[in-house]
Amino acid sequence: MEKQPAGQDGHSDEEILGLLDENVREWCIRQLEGRFTPPQRMAVPLIHDGKNVLICSPTGSGKTLSAFLATLRAECEVVLVTGSHDTMLPSVAGGTVERYDRGGYTVVHGDQAVDDHGTLIIGHDHPAIEIDMARFPCFLYGQGAVRGKDLIVMPAANPLSPGVIINAARSQDFLSPILRRVDAGSLQPVVEVDGEAVVLPPLAGIRRFA
């Protein structure tokens, strides 16, 4: 196993392996040859230390594995939030919840209205935006958009899901009752470009070019 030096890409491979549980470490050596991607070398130590981490990197760069590696080491609880089209999830996963509240955040699928909540994180509509005839999955962010609480709408996690184009979207165009009740024009798309999060103007401004 070749040692990966630390640098701008984060910690070395050996340092990452040293953070992991013995069984997880053996799996990484066997399946990954003990090598990690730059996002993993940067994110795993932070997640391991209990930091909140947002990873923006290309598909296939190891974002999901970063979270799982650190979660398995830290023995954190994995919570699956069910939704309207997850009918098989409870039987496969062994249990789900309709909402998850932690640290001032509320995670729900988004197919039903929510009354009492913190910063709201939802899916359901899974936005995407078209730029120069290319489609980009995107987040939607609304500061104080729902009863004074921030709103974050997640893009589709599955690369096979194209997402819903939101360039010209208005409140009534969304499926989620939560989004139908907010001023869609104030929501800002956030896209990942070359590993960086790019915050675009609110939808009200983007509509003029749609």
# chains A, B, ... in the order shown; residues from 1 in each chain; ligands from 1

$ select_by_dssp --residues "region 29-185 of chain A" --states "alpha helix (DSSP H)" --output "number ranges by chain"
A: 29-32, 38-48, 63-74, 89-93, 177-180

$ residues_around --residues "Ile152 (chain A)" --least-positions-apart "5" --cutoff "9 Å" --atoms "only C-alpha atoms" --output "PyMOL selection string"
chain A and resi 119-123+139-143

$ residues_around --residues "Ser176 (chain A)" --least-positions-apart "5" --cutoff "7 Å" --atoms "only C-alpha atoms" --output "JSON, numbers by chain"
{"A": [110, 111, 112, 124, 125]}

$ write_last_selection --atoms "all heavy atoms" --output "short mmCIF file (atom, residue, chain, number, x, y, z; two decimals), in the first residue's frame"
data_model
loop_
_atom_site.label_atom_id
_atom_site.label_comp_id
_atom_site.auth_asym_id
_atom_site.auth_seq_id
_atom_site.Cartn_x
_atom_site.Cartn_y
_atom_site.Cartn_z
N GLY A 110 -41.15 16.08 2.77
CA GLY A 110 -41.68 17.26 2.12
C GLY A 110 -43.01 17.06 1.44
O GLY A 110 -43.55 18.00 0.84
N ASP A 111 -43.56 15.85 1.53
CA ASP A 111 -44.84 15.59 0.87
C ASP A 111 -46.03 16.00 1.74
O ASP A 111 -47.17 15.95 1.28
CB ASP A 111 -44.96 14.11 0.51
CG ASP A 111 -44.79 13.20 1.72
OD1 ASP A 111 -43.84 13.43 2.49
OD2 ASP A 111 -45.60 12.27 1.88
N GLN A 112 -45.76 16.42 2.99
CA GLN A 112 -46.82 16.87 3.87
C GLN A 112 -46.40 18.17 4.55
O GLN A 112 -45.21 18.43 4.73
CB GLN A 112 -47.12 15.81 4.94
CG GLN A 112 -47.59 14.48 4.38
CD GLN A 112 -47.88 13.47 5.47
OE1 GLN A 112 -48.27 13.83 6.58
NE2 GLN A 112 -47.68 12.20 5.17
N HIS A 124 -38.56 15.66 -1.97
CA HIS A 124 -39.83 15.54 -2.68
C HIS A 124 -39.77 16.12 -4.10
O HIS A 124 -39.94 15.39 -5.07
CB HIS A 124 -40.97 16.17 -1.89
CG HIS A 124 -42.33 15.70 -2.32
ND1 HIS A 124 -42.62 14.38 -2.51
CD2 HIS A 124 -43.47 16.39 -2.60
CE1 HIS A 124 -43.89 14.26 -2.89
NE2 HIS A 124 -44.42 15.46 -2.96
N ASP A 125 -39.54 17.43 -4.24
CA ASP A 125 -39.51 18.01 -5.59
C ASP A 125 -38.16 17.83 -6.27
O ASP A 125 -38.09 17.77 -7.49
CB ASP A 125 -39.86 19.50 -5.52
CG ASP A 125 -41.35 19.74 -5.41
OD1 ASP A 125 -42.02 19.74 -6.45
OD2 ASP A 125 -41.84 19.89 -4.28
#

$ residues_around --residues "Val190 (chain A)" --least-positions-apart "5" --cutoff "10 Å" --atoms "only C-alpha atoms" --output "PDB file with N, CA, C and O atoms, in the first residue's frame"
ATOM      1  N   ALA A 128     -33.688  20.996 -10.076  1.00  0.00           N
ATOM      2  CA  ALA A 128     -32.545  21.063 -10.992  1.00  0.00           C
ATOM      3  C   ALA A 128     -32.703  22.348 -11.796  1.00  0.00           C
ATOM      4  O   ALA A 128     -33.811  22.865 -11.951  1.00  0.00           O
ATOM      5  N   ILE A 129     -31.596  22.867 -12.289  1.00  0.00           N
ATOM      6  CA  ILE A 129     -31.646  24.113 -13.046  1.00  0.00           C
ATOM      7  C   ILE A 129     -30.930  23.926 -14.375  1.00  0.00           C
ATOM      8  O   ILE A 129     -29.946  23.189 -14.461  1.00  0.00           O
ATOM      9  N   PHE A 136     -28.421  20.883 -14.192  1.00  0.00           N
ATOM     10  CA  PHE A 136     -27.628  20.715 -12.981  1.00  0.00           C
ATOM     11  C   PHE A 136     -28.555  20.477 -11.789  1.00  0.00           C
ATOM     12  O   PHE A 136     -29.428  21.312 -11.519  1.00  0.00           O
ATOM     13  N   PRO A 137     -28.389  19.369 -11.078  1.00  0.00           N
ATOM     14  CA  PRO A 137     -29.114  19.230  -9.812  1.00  0.00           C
ATOM     15  C   PRO A 137     -28.719  20.380  -8.892  1.00  0.00           C
ATOM     16  O   PRO A 137     -27.559  20.813  -8.880  1.00  0.00           O
ATOM     17  N   CYS A 138     -29.656  20.894  -8.141  1.00  0.00           N
ATOM     18  CA  CYS A 138     -29.338  22.035  -7.288  1.00  0.00           C
ATOM     19  C   CYS A 138     -30.121  21.974  -5.983  1.00  0.00           C
ATOM     20  O   CYS A 138     -31.163  21.319  -5.880  1.00  0.00           O
ATOM     21  N   PHE A 139     -29.582  22.643  -4.993  1.00  0.00           N
ATOM     22  CA  PHE A 139     -30.317  22.907  -3.768  1.00  0.00           C
ATOM     23  C   PHE A 139     -31.157  24.159  -3.994  1.00  0.00           C
ATOM     24  O   PHE A 139     -30.859  24.980  -4.870  1.00  0.00           O
ATOM     25  N   LEU A 140     -32.189  24.320  -3.194  1.00  0.00           N
ATOM     26  CA  LEU A 140     -32.895  25.593  -3.111  1.00  0.00           C
ATOM     27  C   LEU A 140     -32.799  26.067  -1.667  1.00  0.00           C
ATOM     28  O   LEU A 140     -33.057  25.295  -0.737  1.00  0.00           O
ATOM     29  N   TYR A 141     -32.421  27.326  -1.500  1.00  0.00           N
ATOM     30  CA  TYR A 141     -32.270  27.870  -0.150  1.00  0.00           C
ATOM     31  C   TYR A 141     -33.149  29.094   0.008  1.00  0.00           C
ATOM     32  O   TYR A 141     -33.143  29.994  -0.839  1.00  0.00           O
ATOM     33  N   ILE A 152     -34.234  24.479   3.212  1.00  0.00           N
ATOM     34  CA  ILE A 152     -33.276  23.872   2.291  1.00  0.00           C
ATOM     35  C   ILE A 152     -33.980  22.738   1.562  1.00  0.00           C
ATOM     36  O   ILE A 152     -34.503  21.819   2.194  1.00  0.00           O
ATOM     37  N   VAL A 153     -34.013  22.815   0.237  1.00  0.00           N
ATOM     38  CA  VAL A 153     -34.619  21.766  -0.585  1.00  0.00           C
ATOM     39  C   VAL A 153     -33.485  20.984  -1.240  1.00  0.00           C
ATOM     40  O   VAL A 153     -32.627  21.561  -1.909  1.00  0.00           O
ATOM     41  N   MET A 154     -33.497  19.671  -1.041  1.00  0.00           N
ATOM     42  CA  MET A 154     -32.399  18.827  -1.503  1.00  0.00           C
ATOM     43  C   MET A 154     -32.601  18.382  -2.951  1.00  0.00           C
ATOM     44  O   MET A 154     -33.721  18.068  -3.359  1.00  0.00           O
ATOM     45  N   PRO A 155     -31.527  18.317  -3.729  1.00  0.00           N
ATOM     46  CA  PRO A 155     -31.630  17.726  -5.070  1.00  0.00           C
ATOM     47  C   PRO A 155     -31.734  16.212  -4.965  1.00  0.00           C
ATOM     48  O   PRO A 155     -31.557  15.631  -3.886  1.00  0.00           O
ATOM     49  N   GLU A 196     -17.088  23.449  -6.141  1.00  0.00           N
ATOM     50  CA  GLU A 196     -17.427  24.634  -5.366  1.00  0.00           C
ATOM     51  C   GLU A 196     -18.938  24.851  -5.375  1.00  0.00           C
ATOM     52  O   GLU A 196     -19.607  24.590  -6.375  1.00  0.00           O
ATOM     53  N   ALA A 197     -19.465  25.330  -4.247  1.00  0.00           N
ATOM     54  CA  ALA A 197     -20.885  25.671  -4.162  1.00  0.00           C
ATOM     55  C   ALA A 197     -21.087  27.082  -4.710  1.00  0.00           C
ATOM     56  O   ALA A 197     -20.473  28.039  -4.233  1.00  0.00           O
ATOM     57  N   VAL A 198     -21.932  27.205  -5.726  1.00  0.00           N
ATOM     58  CA  VAL A 198     -22.201  28.496  -6.362  1.00  0.00           C
ATOM     59  C   VAL A 198     -23.644  28.891  -6.070  1.00  0.00           C
ATOM     60  O   VAL A 198     -24.580  28.167  -6.421  1.00  0.00           O
ATOM     61  N   VAL A 199     -23.817  30.026  -5.409  1.00  0.00           N
ATOM     62  CA  VAL A 199     -25.150  30.523  -5.058  1.00  0.00           C
ATOM     63  C   VAL A 199     -25.635  31.438  -6.177  1.00  0.00           C
ATOM     64  O   VAL A 199     -25.000  32.454  -6.482  1.00  0.00           O
ATOM     65  N   LEU A 200     -26.752  31.081  -6.791  1.00  0.00           N
ATOM     66  CA  LEU A 200     -27.306  31.844  -7.906  1.00  0.00           C
ATOM     67  C   LEU A 200     -28.332  32.858  -7.400  1.00  0.00           C
ATOM     68  O   LEU A 200     -28.781  32.782  -6.253  1.00  0.00           O
ATOM     69  N   PRO A 201     -28.725  33.802  -8.250  1.00  0.00           N
ATOM     70  CA  PRO A 201     -29.745  34.780  -7.849  1.00  0.00           C
ATOM     71  C   PRO A 201     -31.075  34.095  -7.545  1.00  0.00           C
ATOM     72  O   PRO A 201     -31.321  32.962  -7.983  1.00  0.00           O
ATOM     73  N   PRO A 202     -31.956  34.759  -6.815  1.00  0.00           N
ATOM     74  CA  PRO A 202     -33.274  34.184  -6.526  1.00  0.00           C
ATOM     75  C   PRO A 202     -34.041  33.848  -7.798  1.00  0.00           C
ATOM     76  O   PRO A 202     -33.801  34.422  -8.866  1.00  0.00           O
TER      77      PRO A 202
END

$ atom_distance --atom1 "CA of Ile178 (chain A)" --atom2 "CA of Glu192 (chain A)"
24.4 Å

$ select_by_dssp --residues "region 85-188 of chain A" --states "strand (DSSP E or B)" --output "PyMOL selection string"
chain A and resi 97+99-102+105-108+119-122+127-131+134-137+139-146+149-153+164-165+188

$ closest_residue --among "A:Leu187, A:Leu175, A:Ala134, A:Val193" --to "Cys56 (chain A)" --atoms "only C-alpha atoms"
A:Val193

$ atom_distance --atom1 "CA of Lys51 (chain A)" --atom2 "CA of Val81 (chain A)"
21.6 Å

$ closest_residue --among "A:Asn52, A:His11, A:Met133, A:Arg30" --to "Gly103 (chain A)" --atoms "only C-alpha atoms"
A:Asn52

$ residues_around --residues "region 162-170 of chain A" --least-positions-apart "3" --cutoff "9 Å" --atoms "only C-alpha atoms" --output "CSV table (one decimal) with C-alpha atoms, in the first residue's frame"
chain,number,residue,atom,x,y,z
A,125,ASP,CA,-39.5,18.0,-5.6
A,126,HIS,CA,-35.7,17.5,-6.0
A,127,PRO,CA,-34.9,20.7,-8.0
A,128,ALA,CA,-32.5,21.1,-11.0
A,129,ILE,CA,-31.6,24.1,-13.0
A,130,GLU,CA,-30.8,24.5,-16.7
A,135,ARG,CA,-29.2,20.4,-16.5
A,136,PHE,CA,-27.6,20.7,-13.0
A,137,PRO,CA,-29.1,19.2,-9.8
A,138,CYS,CA,-29.3,22.0,-7.3
A,155,PRO,CA,-31.6,17.7,-5.1
A,156,ALA,CA,-32.1,14.1,-6.1
A,158,ASN,CA,-29.7,9.3,-7.4
A,159,PRO,CA,-27.7,10.4,-10.5
A,173,ASP,CA,-45.7,24.6,-9.7
A,174,PHE,CA,-44.2,22.6,-6.9
A,180,ARG,CA,-46.5,25.9,-2.3
A,183,ASP,CA,-42.6,32.8,-2.0
A,184,ALA,CA,-40.8,30.7,-4.6
A,185,GLY,CA,-39.3,33.8,-6.2
A,189,PRO,CA,-30.6,27.8,-6.3
A,203,LEU,CA,-35.7,32.5,-8.8
A,204,ALA,CA,-37.6,35.7,-9.4
A,206,ILE,CA,-33.9,33.8,-13.1
A,207,ARG,CA,-37.5,33.6,-14.5
A,208,ARG,CA,-36.8,36.6,-16.7
A,209,PHE,CA,-34.4,34.5,-18.7
A,210,ALA,CA,-36.3,31.3,-18.7

$ closest_residue --among "A:Val24, A:Val182, A:Leu19, A:Val44" --to "Gly144 (chain A)" --atoms "only C-alpha atoms"
A:Val182

$ atom_distance --atom1 "CA of Ile29 (chain A)" --atom2 "CA of Phe68 (chain A)"
15.7 Å
